[in-house]
Every structure is written in C-alpha cells, then in structure tokens.
file coords23.txt (compact mmCIF, N, CA and C atoms)
# COMPACT_ATOMS: atom_id res chain seq x y z
N MET T 26 23.15 131.88 95.40
CA MET T 26 23.51 131.07 94.27
C MET T 26 24.12 129.78 94.79
N ASN T 27 23.65 128.64 94.27
CA ASN T 27 24.22 127.40 94.78
C ASN T 27 25.57 127.14 94.10
N GLU T 28 26.25 126.16 94.61
CA GLU T 28 27.62 125.88 94.16
C GLU T 28 27.68 125.52 92.67
N LEU T 29 26.73 124.75 92.18
CA LEU T 29 26.70 124.33 90.78
C LEU T 29 26.51 125.53 89.86
N GLN T 30 25.60 126.43 90.22
CA GLN T 30 25.38 127.63 89.41
C GLN T 30 26.61 128.53 89.43
N ASN T 31 27.25 128.61 90.58
CA ASN T 31 28.44 129.44 90.72
C ASN T 31 29.55 128.92 89.80
N LEU T 32 29.75 127.60 89.77
CA LEU T 32 30.77 127.02 88.90
C LEU T 32 30.44 127.29 87.43
N ALA T 33 29.17 127.17 87.08
CA ALA T 33 28.76 127.39 85.70
C ALA T 33 28.96 128.84 85.29
N SER T 34 28.73 129.76 86.19
CA SER T 34 28.84 131.17 85.83
C SER T 34 30.29 131.63 85.72
N THR T 35 31.20 130.97 86.43
CA THR T 35 32.60 131.37 86.37
C THR T 35 33.38 130.63 85.29
N LYS T 36 32.77 129.61 84.72
CA LYS T 36 33.46 128.82 83.70
C LYS T 36 33.56 129.63 82.41
N LYS T 37 34.75 129.75 81.87
CA LYS T 37 34.94 130.50 80.64
C LYS T 37 34.47 129.66 79.46
N THR T 38 33.90 130.33 78.51
CA THR T 38 33.50 129.63 77.29
C THR T 38 34.69 129.64 76.34
N THR T 39 34.88 128.54 75.68
CA THR T 39 36.00 128.44 74.73
C THR T 39 35.43 128.41 73.33
N GLN T 40 36.13 129.05 72.44
CA GLN T 40 35.74 129.05 71.05
C GLN T 40 36.71 128.16 70.27
N VAL T 41 36.14 127.43 69.32
CA VAL T 41 36.97 126.61 68.46
C VAL T 41 37.34 127.46 67.27
N HIS T 42 38.63 127.58 67.01
CA HIS T 42 39.11 128.37 65.89
C HIS T 42 39.42 127.42 64.74
N ARG T 43 38.60 127.48 63.72
CA ARG T 43 38.77 126.63 62.55
C ARG T 43 39.10 127.51 61.35
N GLN T 44 39.83 126.92 60.41
CA GLN T 44 40.12 127.67 59.19
C GLN T 44 38.84 127.87 58.38
N ALA T 45 38.05 126.83 58.28
CA ALA T 45 36.80 126.92 57.53
C ALA T 45 35.66 127.10 58.53
N GLY T 46 34.95 128.19 58.42
CA GLY T 46 33.92 128.50 59.39
C GLY T 46 32.56 127.87 59.11
N LYS T 47 32.33 127.42 57.91
CA LYS T 47 31.02 126.88 57.54
C LYS T 47 31.09 125.37 57.35
N GLN T 48 29.99 124.72 57.68
CA GLN T 48 29.91 123.27 57.55
C GLN T 48 28.71 122.94 56.68
N ILE T 49 28.89 121.98 55.79
CA ILE T 49 27.81 121.53 54.91
C ILE T 49 27.54 120.06 55.21
N ASN T 50 26.29 119.73 55.43
CA ASN T 50 25.88 118.35 55.67
C ASN T 50 24.90 117.95 54.58
N PHE T 51 25.03 116.75 54.07
CA PHE T 51 24.05 116.24 53.12
C PHE T 51 24.01 114.73 53.23
N ARG T 52 22.92 114.15 52.77
CA ARG T 52 22.71 112.71 52.85
C ARG T 52 22.83 112.10 51.47
N VAL T 53 23.34 110.86 51.45
CA VAL T 53 23.44 110.10 50.21
C VAL T 53 22.90 108.70 50.46
N SER T 54 22.54 108.02 49.40
CA SER T 54 22.05 106.65 49.54
C SER T 54 23.22 105.73 49.89
N GLU T 55 22.89 104.55 50.37
CA GLU T 55 23.92 103.57 50.73
C GLU T 55 24.82 103.22 49.54
N PRO T 56 24.25 102.93 48.35
CA PRO T 56 25.13 102.64 47.20
C PRO T 56 26.03 103.81 46.82
N ASP T 57 25.50 105.04 46.90
CA ASP T 57 26.33 106.21 46.59
C ASP T 57 27.44 106.38 47.62
N TYR T 58 27.12 106.14 48.90
CA TYR T 58 28.15 106.25 49.93
C TYR T 58 29.24 105.21 49.72
N LEU T 59 28.85 103.98 49.39
CA LEU T 59 29.84 102.92 49.16
C LEU T 59 30.76 103.28 47.99
N LYS T 60 30.17 103.87 46.95
CA LYS T 60 30.97 104.29 45.81
C LYS T 60 31.96 105.39 46.22
N LEU T 61 31.49 106.35 47.00
CA LEU T 61 32.37 107.41 47.49
C LEU T 61 33.47 106.84 48.39
N ALA T 62 33.09 105.89 49.25
CA ALA T 62 34.06 105.28 50.17
C ALA T 62 35.14 104.53 49.41
N ARG T 63 34.74 103.78 48.36
CA ARG T 63 35.73 103.05 47.55
C ARG T 63 36.69 104.03 46.86
N SER T 64 36.13 105.09 46.30
CA SER T 64 36.97 106.08 45.62
C SER T 64 37.92 106.75 46.61
N ALA T 65 37.42 107.09 47.78
CA ALA T 65 38.25 107.73 48.80
C ALA T 65 39.36 106.79 49.27
N GLN T 66 39.02 105.52 49.46
CA GLN T 66 40.01 104.55 49.91
C GLN T 66 41.11 104.38 48.88
N THR T 67 40.75 104.37 47.61
CA THR T 67 41.74 104.25 46.54
C THR T 67 42.75 105.38 46.60
N LEU T 68 42.28 106.55 47.00
CA LEU T 68 43.14 107.73 47.06
C LEU T 68 43.74 107.96 48.44
N ASN T 69 43.52 107.02 49.36
CA ASN T 69 44.02 107.13 50.74
C ASN T 69 43.48 108.40 51.42
N LEU T 70 42.20 108.69 51.18
CA LEU T 70 41.53 109.83 51.80
C LEU T 70 40.32 109.36 52.59
N SER T 71 39.89 110.20 53.52
CA SER T 71 38.61 109.93 54.19
C SER T 71 37.50 110.34 53.23
N VAL T 72 36.30 109.84 53.46
CA VAL T 72 35.17 110.20 52.60
C VAL T 72 34.93 111.71 52.62
N PRO T 73 34.89 112.37 53.80
CA PRO T 73 34.69 113.82 53.79
C PRO T 73 35.78 114.58 53.03
N ALA T 74 37.04 114.16 53.20
CA ALA T 74 38.13 114.83 52.49
C ALA T 74 38.01 114.62 50.99
N PHE T 75 37.62 113.42 50.58
CA PHE T 75 37.44 113.12 49.16
C PHE T 75 36.33 113.99 48.56
N VAL T 76 35.18 114.04 49.24
CA VAL T 76 34.04 114.82 48.74
C VAL T 76 34.40 116.30 48.67
N LYS T 77 35.11 116.80 49.68
CA LYS T 77 35.50 118.21 49.69
C LYS T 77 36.41 118.52 48.51
N LYS T 78 37.39 117.67 48.27
CA LYS T 78 38.30 117.89 47.14
C LYS T 78 37.57 117.84 45.81
N LYS T 79 36.65 116.89 45.68
CA LYS T 79 35.87 116.80 44.44
C LYS T 79 34.99 118.05 44.26
N ALA T 80 34.39 118.52 45.32
CA ALA T 80 33.54 119.71 45.24
C ALA T 80 34.35 120.95 44.86
N GLN T 81 35.62 120.95 45.27
CA GLN T 81 36.49 122.09 44.94
C GLN T 81 37.09 121.96 43.55
N GLY T 82 36.76 120.86 42.86
CA GLY T 82 37.24 120.69 41.49
C GLY T 82 38.66 120.17 41.38
N ALA T 83 39.16 119.60 42.46
CA ALA T 83 40.53 119.08 42.43
C ALA T 83 40.62 117.88 41.51
N ARG T 84 41.74 117.77 40.82
CA ARG T 84 42.01 116.61 39.97
C ARG T 84 42.69 115.58 40.87
N LEU T 85 41.99 114.50 41.12
CA LEU T 85 42.50 113.48 42.04
C LEU T 85 43.09 112.33 41.24
N VAL T 86 44.33 111.99 41.56
CA VAL T 86 45.03 110.91 40.88
C VAL T 86 45.35 109.83 41.89
N ALA T 87 45.04 108.60 41.54
CA ALA T 87 45.31 107.48 42.45
C ALA T 87 46.82 107.34 42.67
N PRO T 88 47.23 107.04 43.89
CA PRO T 88 48.65 106.85 44.16
C PRO T 88 49.17 105.62 43.42
N LYS T 89 50.45 105.67 43.08
CA LYS T 89 51.05 104.57 42.34
C LYS T 89 51.34 103.36 43.20
N ILE T 90 51.44 103.58 44.50
CA ILE T 90 51.68 102.47 45.41
C ILE T 90 50.62 102.47 46.51
N ALA T 91 50.33 101.30 47.01
CA ALA T 91 49.32 101.15 48.06
C ALA T 91 49.82 101.75 49.37
N ALA T 92 48.88 102.08 50.24
CA ALA T 92 49.22 102.73 51.51
C ALA T 92 50.16 101.86 52.35
N GLN T 93 49.91 100.55 52.42
CA GLN T 93 50.77 99.66 53.21
C GLN T 93 52.17 99.60 52.62
N ASP T 94 52.26 99.55 51.29
CA ASP T 94 53.58 99.54 50.64
C ASP T 94 54.32 100.84 50.91
N ALA T 95 53.61 101.95 50.86
CA ALA T 95 54.23 103.25 51.14
C ALA T 95 54.77 103.29 52.57
N GLN T 96 54.01 102.72 53.49
CA GLN T 96 54.46 102.69 54.88
C GLN T 96 55.71 101.84 55.03
N ASN T 97 55.75 100.70 54.35
CA ASN T 97 56.94 99.84 54.41
C ASN T 97 58.15 100.52 53.80
N ILE T 98 57.95 101.19 52.68
CA ILE T 98 59.06 101.89 52.03
C ILE T 98 59.56 103.03 52.91
N THR T 99 58.65 103.74 53.54
CA THR T 99 59.04 104.81 54.46
C THR T 99 59.89 104.27 55.60
N HIS T 100 59.49 103.12 56.13
CA HIS T 100 60.26 102.49 57.21
C HIS T 100 61.65 102.10 56.72
N GLN T 101 61.74 101.53 55.52
CA GLN T 101 63.03 101.13 54.96
C GLN T 101 63.93 102.35 54.74
N LEU T 102 63.34 103.43 54.21
CA LEU T 102 64.12 104.64 53.97
C LEU T 102 64.61 105.25 55.28
N ALA T 103 63.80 105.17 56.32
CA ALA T 103 64.22 105.69 57.63
C ALA T 103 65.42 104.90 58.16
N LYS T 104 65.39 103.58 57.97
CA LYS T 104 66.52 102.75 58.41
C LYS T 104 67.78 103.08 57.60
N ILE T 105 67.61 103.25 56.30
CA ILE T 105 68.75 103.60 55.45
C ILE T 105 69.32 104.95 55.87
N GLY T 106 68.43 105.90 56.12
CA GLY T 106 68.88 107.22 56.56
C GLY T 106 69.64 107.16 57.87
N GLY T 107 69.17 106.34 58.80
CA GLY T 107 69.88 106.17 60.07
C GLY T 107 71.26 105.58 59.88
N ASN T 108 71.35 104.56 59.03
CA ASN T 108 72.65 103.95 58.76
C ASN T 108 73.60 104.94 58.10
N LEU T 109 73.09 105.70 57.13
CA LEU T 109 73.92 106.69 56.44
C LEU T 109 74.38 107.77 57.41
N ASN T 110 73.51 108.17 58.31
CA ASN T 110 73.87 109.17 59.31
C ASN T 110 74.99 108.66 60.22
N GLN T 111 74.90 107.40 60.61
CA GLN T 111 75.95 106.81 61.45
C GLN T 111 77.29 106.77 60.72
N LEU T 112 77.24 106.37 59.44
CA LEU T 112 78.48 106.34 58.65
C LEU T 112 79.07 107.74 58.49
N ALA T 113 78.22 108.73 58.22
CA ALA T 113 78.70 110.11 58.05
C ALA T 113 79.29 110.62 59.36
N HIS T 114 78.63 110.33 60.47
CA HIS T 114 79.14 110.75 61.77
C HIS T 114 80.51 110.13 62.03
N HIS T 115 80.63 108.84 61.74
CA HIS T 115 81.90 108.14 61.94
C HIS T 115 82.99 108.75 61.06
N ALA T 116 82.65 109.04 59.79
CA ALA T 116 83.63 109.62 58.88
C ALA T 116 84.03 111.02 59.34
N ASN T 117 83.09 111.80 59.83
CA ASN T 117 83.39 113.15 60.30
C ASN T 117 84.25 113.15 61.56
N GLN T 118 84.25 112.04 62.29
CA GLN T 118 85.10 111.92 63.47
C GLN T 118 86.50 111.44 63.10
N GLY T 119 86.73 111.26 61.79
CA GLY T 119 88.04 110.84 61.32
C GLY T 119 88.18 109.33 61.18
N GLY T 120 87.09 108.61 61.34
CA GLY T 120 87.14 107.16 61.24
C GLY T 120 87.12 106.68 59.80
N GLN T 121 87.55 105.45 59.62
CA GLN T 121 87.54 104.83 58.30
C GLN T 121 86.18 104.16 58.08
N ILE T 122 85.66 104.30 56.88
CA ILE T 122 84.39 103.70 56.51
C ILE T 122 84.66 102.40 55.77
N ASP T 123 84.03 101.35 56.25
CA ASP T 123 84.16 100.05 55.60
C ASP T 123 83.50 100.11 54.22
N PRO T 124 84.26 99.82 53.15
CA PRO T 124 83.68 99.87 51.80
C PRO T 124 82.47 98.93 51.65
N GLN T 125 82.49 97.81 52.36
CA GLN T 125 81.36 96.88 52.28
C GLN T 125 80.10 97.48 52.88
N ALA T 126 80.26 98.29 53.93
CA ALA T 126 79.10 98.95 54.54
C ALA T 126 78.47 99.92 53.54
N LEU T 127 79.30 100.64 52.81
CA LEU T 127 78.78 101.55 51.78
C LEU T 127 78.09 100.77 50.67
N LYS T 128 78.68 99.65 50.28
CA LYS T 128 78.10 98.82 49.22
C LYS T 128 76.75 98.26 49.68
N ASP T 129 76.67 97.81 50.93
CA ASP T 129 75.41 97.29 51.47
C ASP T 129 74.34 98.37 51.48
N LEU T 130 74.73 99.58 51.87
CA LEU T 130 73.80 100.69 51.89
C LEU T 130 73.33 101.04 50.48
N GLN T 131 74.23 101.01 49.54
CA GLN T 131 73.88 101.27 48.14
C GLN T 131 72.91 100.20 47.62
N ASN T 132 73.14 98.95 47.99
CA ASN T 132 72.24 97.86 47.58
C ASN T 132 70.85 98.04 48.17
N GLU T 133 70.77 98.49 49.43
CA GLU T 133 69.47 98.74 50.06
C GLU T 133 68.72 99.86 49.33
N VAL T 134 69.44 100.92 48.99
CA VAL T 134 68.80 102.02 48.26
C VAL T 134 68.30 101.51 46.91
N GLN T 135 69.09 100.69 46.23
CA GLN T 135 68.69 100.14 44.93
C GLN T 135 67.45 99.25 45.07
N ARG T 136 67.38 98.48 46.14
CA ARG T 136 66.24 97.61 46.38
C ARG T 136 64.97 98.42 46.61
N VAL T 137 65.07 99.50 47.37
CA VAL T 137 63.90 100.36 47.60
C VAL T 137 63.51 101.04 46.29
N TRP T 138 64.50 101.47 45.53
CA TRP T 138 64.21 102.13 44.25
C TRP T 138 63.45 101.18 43.32
N GLN T 139 63.81 99.92 43.31
CA GLN T 139 63.12 98.94 42.48
C GLN T 139 61.66 98.77 42.92
N GLN T 140 61.38 98.90 44.18
CA GLN T 140 60.01 98.82 44.67
C GLN T 140 59.18 100.00 44.19
N LEU T 141 59.83 101.13 43.99
CA LEU T 141 59.13 102.34 43.56
C LEU T 141 58.89 102.40 42.05
N THR T 142 59.65 101.64 41.29
CA THR T 142 59.51 101.70 39.83
C THR T 142 58.83 100.46 39.30

call {"tool": "encode", "arguments": {"input": "coords23.txt", "output": "structure tokens"}}
result
Amino acid sequence: MNELQNLASTKKTTQVHRQAGKQINFRVSEPDYLKLARSAQTLNLSVPAFVKKKAQGARLVAPKIAAQDAQNITHQLAKIGGNLNQLAHHANQGGQIDPQALKDLQNEVQRVWQQLT
C-alpha cells in the first residue's frame, strides 16, 4: 500500500450532526427571488431562513426599528450598563456617588428610550 492510500485508509470519517436531517432545494425565477430577498431583508433574515419560517406557517412581523438603529441602540445600552456597573461598584465599596453622574445616566436612558418609541 502506498503512503497516500495508507493515509486515506486511516483517516476517520466525520459526521455532521444537524438538528434537521433533511434538506429541500428548489428553484425560483429571478423576480420571485428578488421579492423573497426584499421580504427577508425587511425582517432582518436570510432568504433561506425567511422561506423556512414561511413554509412552517410562522407569522412574521417586521421589526419596528432598522437593523443599523438596533445595533446603535445596543451599543448605547452597553455603554450605559458599563457606567451603571461602575457606579454600583463604587457605591458598594462605600464611595459617594455624584448626583450629577446619576442624572447624566438617567438622561442617557431617557434619550435611548425616546429612540425606541
């Protein structure tokens, strides 16, 4: 047995473990695909995920905010959470909390809330 065959025979085969064992493939026209792509993009889904949800009878509702806006709000909330954590840590160490820092944090939360409503 040559070296290449020997390597091939000793190589273990790996199985992919998927939750869904069956795959369905189908073709659509270009206009139909574009329509599906627009609908999927509106819902922040991939085309396959959108089609799968529709086939399963899911009621799909468009998000109230755009994906980029949601990302910005998430970033703002993370910053607010970090600031609040620092203030809580300082207070738990027996330190005094500046009332203006709390007011600034409250104003930031109010500003993010206004973006959501």

call {"tool": "atom_distance", "arguments": {"input": "coords23.txt", "atom1": "atom N of T:Gln48", "atom2": "atom CA of T:Ala74"}}
result
13.8 Å

call {"tool": "closest_residue", "arguments": {"input": "coords23.txt", "among": "T:Gly107, T:His100, T:Ile122, T:Leu68", "to": "T:Leu85", "atoms": "all atoms listed in the file"}}
result
T:Leu68

call {"tool": "atom_distance", "arguments": {"input": "coords23.txt", "atom1": "atom CA of T:Ala95", "atom2": "atom CA of T:Asn110"}}
result
22.1 Å

call {"tool": "select_by_dssp", "arguments": {"input": "coords23.txt", "residues": "chain T", "states": "alpha helix (DSSP H)", "output": "short mmCIF file (atom, residue, chain, number, x, y, z; two decimals) with N, CA and C atoms, in the frame of the given file"}}
result
data_model
loop_
_atom_site.label_atom_id
_atom_site.label_comp_id
_atom_site.auth_asym_id
_atom_site.auth_seq_id
_atom_site.Cartn_x
_atom_site.Cartn_y
_atom_site.Cartn_z
N GLU T 28 26.25 126.16 94.61
CA GLU T 28 27.62 125.88 94.16
C GLU T 28 27.68 125.52 92.67
N LEU T 29 26.73 124.75 92.18
CA LEU T 29 26.70 124.33 90.78
C LEU T 29 26.51 125.53 89.86
N GLN T 30 25.60 126.43 90.22
CA GLN T 30 25.38 127.63 89.41
C GLN T 30 26.61 128.53 89.43
N ASN T 31 27.25 128.61 90.58
CA ASN T 31 28.44 129.44 90.72
C ASN T 31 29.55 128.92 89.80
N LEU T 32 29.75 127.60 89.77
CA LEU T 32 30.77 127.02 88.90
C LEU T 32 30.44 127.29 87.43
N ALA T 33 29.17 127.17 87.08
CA ALA T 33 28.76 127.39 85.70
C ALA T 33 28.96 128.84 85.29
N SER T 34 28.73 129.76 86.19
CA SER T 34 28.84 131.17 85.83
C SER T 34 30.29 131.63 85.72
N THR T 35 31.20 130.97 86.43
CA THR T 35 32.60 131.37 86.37
C THR T 35 33.38 130.63 85.29
N GLU T 55 22.89 104.55 50.37
CA GLU T 55 23.92 103.57 50.73
C GLU T 55 24.82 103.22 49.54
N PRO T 56 24.25 102.93 48.35
CA PRO T 56 25.13 102.64 47.20
C PRO T 56 26.03 103.81 46.82
N ASP T 57 25.50 105.04 46.90
CA ASP T 57 26.33 106.21 46.59
C ASP T 57 27.44 106.38 47.62
N TYR T 58 27.12 106.14 48.90
CA TYR T 58 28.15 106.25 49.93
C TYR T 58 29.24 105.21 49.72
N LEU T 59 28.85 103.98 49.39
CA LEU T 59 29.84 102.92 49.16
C LEU T 59 30.76 103.28 47.99
N LYS T 60 30.17 103.87 46.95
CA LYS T 60 30.97 104.29 45.81
C LYS T 60 31.96 105.39 46.22
N LEU T 61 31.49 106.35 47.00
CA LEU T 61 32.37 107.41 47.49
C LEU T 61 33.47 106.84 48.39
N ALA T 62 33.09 105.89 49.25
CA ALA T 62 34.06 105.28 50.17
C ALA T 62 35.14 104.53 49.41
N ARG T 63 34.74 103.78 48.36
CA ARG T 63 35.73 103.05 47.55
C ARG T 63 36.69 104.03 46.86
N SER T 64 36.13 105.09 46.30
CA SER T 64 36.97 106.08 45.62
C SER T 64 37.92 106.75 46.61
N ALA T 65 37.42 107.09 47.78
CA ALA T 65 38.25 107.73 48.80
C ALA T 65 39.36 106.79 49.27
N GLN T 66 39.02 105.52 49.46
CA GLN T 66 40.01 104.55 49.91
C GLN T 66 41.11 104.38 48.88
N THR T 67 40.75 104.37 47.61
CA THR T 67 41.74 104.25 46.54
C THR T 67 42.75 105.38 46.60
N VAL T 72 36.30 109.84 53.46
CA VAL T 72 35.17 110.20 52.60
C VAL T 72 34.93 111.71 52.62
N PRO T 73 34.89 112.37 53.80
CA PRO T 73 34.69 113.82 53.79
C PRO T 73 35.78 114.58 53.03
N ALA T 74 37.04 114.16 53.20
CA ALA T 74 38.13 114.83 52.49
C ALA T 74 38.01 114.62 50.99
N PHE T 75 37.62 113.42 50.58
CA PHE T 75 37.44 113.12 49.16
C PHE T 75 36.33 113.99 48.56
N VAL T 76 35.18 114.04 49.24
CA VAL T 76 34.04 114.82 48.74
C VAL T 76 34.40 116.30 48.67
N LYS T 77 35.11 116.80 49.68
CA LYS T 77 35.50 118.21 49.69
C LYS T 77 36.41 118.52 48.51
N LYS T 78 37.39 117.67 48.27
CA LYS T 78 38.30 117.89 47.14
C LYS T 78 37.57 117.84 45.81
N LYS T 79 36.65 116.89 45.68
CA LYS T 79 35.87 116.80 44.44
C LYS T 79 34.99 118.05 44.26
N ALA T 80 34.39 118.52 45.32
CA ALA T 80 33.54 119.71 45.24
C ALA T 80 34.35 120.95 44.86
N ALA T 92 48.88 102.08 50.24
CA ALA T 92 49.22 102.73 51.51
C ALA T 92 50.16 101.86 52.35
N GLN T 93 49.91 100.55 52.42
CA GLN T 93 50.77 99.66 53.21
C GLN T 93 52.17 99.60 52.62
N ASP T 94 52.26 99.55 51.29
CA ASP T 94 53.58 99.54 50.64
C ASP T 94 54.32 100.84 50.91
N ALA T 95 53.61 101.95 50.86
CA ALA T 95 54.23 103.25 51.14
C ALA T 95 54.77 103.29 52.57
N GLN T 96 54.01 102.72 53.49
CA GLN T 96 54.46 102.69 54.88
C GLN T 96 55.71 101.84 55.03
N ASN T 97 55.75 100.70 54.35
CA ASN T 97 56.94 99.84 54.41
C ASN T 97 58.15 100.52 53.80
N ILE T 98 57.95 101.19 52.68
CA ILE T 98 59.06 101.89 52.03
C ILE T 98 59.56 103.03 52.91
N THR T 99 58.65 103.74 53.54
CA THR T 99 59.04 104.81 54.46
C THR T 99 59.89 104.27 55.60
N HIS T 100 59.49 103.12 56.13
CA HIS T 100 60.26 102.49 57.21
C HIS T 100 61.65 102.10 56.72
N GLN T 101 61.74 101.53 55.52
CA GLN T 101 63.03 101.13 54.96
C GLN T 101 63.93 102.35 54.74
N LEU T 102 63.34 103.43 54.21
CA LEU T 102 64.12 104.64 53.97
C LEU T 102 64.61 105.25 55.28
N ALA T 103 63.80 105.17 56.32
CA ALA T 103 64.22 105.69 57.63
C ALA T 103 65.42 104.90 58.16
N LYS T 104 65.39 103.58 57.97
CA LYS T 104 66.52 102.75 58.41
C LYS T 104 67.78 103.08 57.60
N ILE T 105 67.61 103.25 56.30
CA ILE T 105 68.75 103.60 55.45
C ILE T 105 69.32 104.95 55.87
N GLY T 106 68.43 105.90 56.12
CA GLY T 106 68.88 107.22 56.56
C GLY T 106 69.64 107.16 57.87
N GLY T 107 69.17 106.34 58.80
CA GLY T 107 69.88 106.17 60.07
C GLY T 107 71.26 105.58 59.88
N ASN T 108 71.35 104.56 59.03
CA ASN T 108 72.65 103.95 58.76
C ASN T 108 73.60 104.94 58.10
N LEU T 109 73.09 105.70 57.13
CA LEU T 109 73.92 106.69 56.44
C LEU T 109 74.38 107.77 57.41
N ASN T 110 73.51 108.17 58.31
CA ASN T 110 73.87 109.17 59.31
C ASN T 110 74.99 108.66 60.22
N GLN T 111 74.90 107.40 60.61
CA GLN T 111 75.95 106.81 61.45
C GLN T 111 77.29 106.77 60.72
N LEU T 112 77.24 106.37 59.44
CA LEU T 112 78.48 106.34 58.65
C LEU T 112 79.07 107.74 58.49
N ALA T 113 78.22 108.73 58.22
CA ALA T 113 78.70 110.11 58.05
C ALA T 113 79.29 110.62 59.36
N HIS T 114 78.63 110.33 60.47
CA HIS T 114 79.14 110.75 61.77
C HIS T 114 80.51 110.13 62.03
N HIS T 115 80.63 108.84 61.74
CA HIS T 115 81.90 108.14 61.94
C HIS T 115 82.99 108.75 61.06
N ALA T 116 82.65 109.04 59.79
CA ALA T 116 83.63 109.62 58.88
C ALA T 116 84.03 111.02 59.34
N ASN T 117 83.09 111.80 59.83
CA ASN T 117 83.39 113.15 60.30
C ASN T 117 84.25 113.15 61.56
N PRO T 124 84.26 99.82 53.15
CA PRO T 124 83.68 99.87 51.80
C PRO T 124 82.47 98.93 51.65
N GLN T 125 82.49 97.81 52.36
CA GLN T 125 81.36 96.88 52.28
C GLN T 125 80.10 97.48 52.88
N ALA T 126 80.26 98.29 53.93
CA ALA T 126 79.10 98.95 54.54
C ALA T 126 78.47 99.92 53.54
N LEU T 127 79.30 100.64 52.81
CA LEU T 127 78.78 101.55 51.78
C LEU T 127 78.09 100.77 50.67
N LYS T 128 78.68 99.65 50.28
CA LYS T 128 78.10 98.82 49.22
C LYS T 128 76.75 98.26 49.68
N ASP T 129 76.67 97.81 50.93
CA ASP T 129 75.41 97.29 51.47
C ASP T 129 74.34 98.37 51.48
N LEU T 130 74.73 99.58 51.87
CA LEU T 130 73.80 100.69 51.89
C LEU T 130 73.33 101.04 50.48
N GLN T 131 74.23 101.01 49.54
CA GLN T 131 73.88 101.27 48.14
C GLN T 131 72.91 100.20 47.62
N ASN T 132 73.14 98.95 47.99
CA ASN T 132 72.24 97.86 47.58
C ASN T 132 70.85 98.04 48.17
N GLU T 133 70.77 98.49 49.43
CA GLU T 133 69.47 98.74 50.06
C GLU T 133 68.72 99.86 49.33
N VAL T 134 69.44 100.92 48.99
CA VAL T 134 68.80 102.02 48.26
C VAL T 134 68.30 101.51 46.91
N GLN T 135 69.09 100.69 46.23
CA GLN T 135 68.69 100.14 44.93
C GLN T 135 67.45 99.25 45.07
N ARG T 136 67.38 98.48 46.14
CA ARG T 136 66.24 97.61 46.38
C ARG T 136 64.97 98.42 46.61
N VAL T 137 65.07 99.50 47.37
CA VAL T 137 63.90 100.36 47.60
C VAL T 137 63.51 101.04 46.29
N TRP T 138 64.50 101.47 45.53
CA TRP T 138 64.21 102.13 44.25
C TRP T 138 63.45 101.18 43.32
N GLN T 139 63.81 99.92 43.31
CA GLN T 139 63.12 98.94 42.48
C GLN T 139 61.66 98.77 42.92
N GLN T 140 61.38 98.90 44.18
CA GLN T 140 60.01 98.82 44.67
C GLN T 140 59.18 100.00 44.19
N LEU T 141 59.83 101.13 43.99
CA LEU T 141 59.13 102.34 43.56
C LEU T 141 58.89 102.40 42.05
#

call {"tool": "atom_distance", "arguments": {"input": "coords23.txt", "atom1": "atom CA of T:Ala80", "atom2": "atom CA of T:Leu61"}}
result
12.6 Å
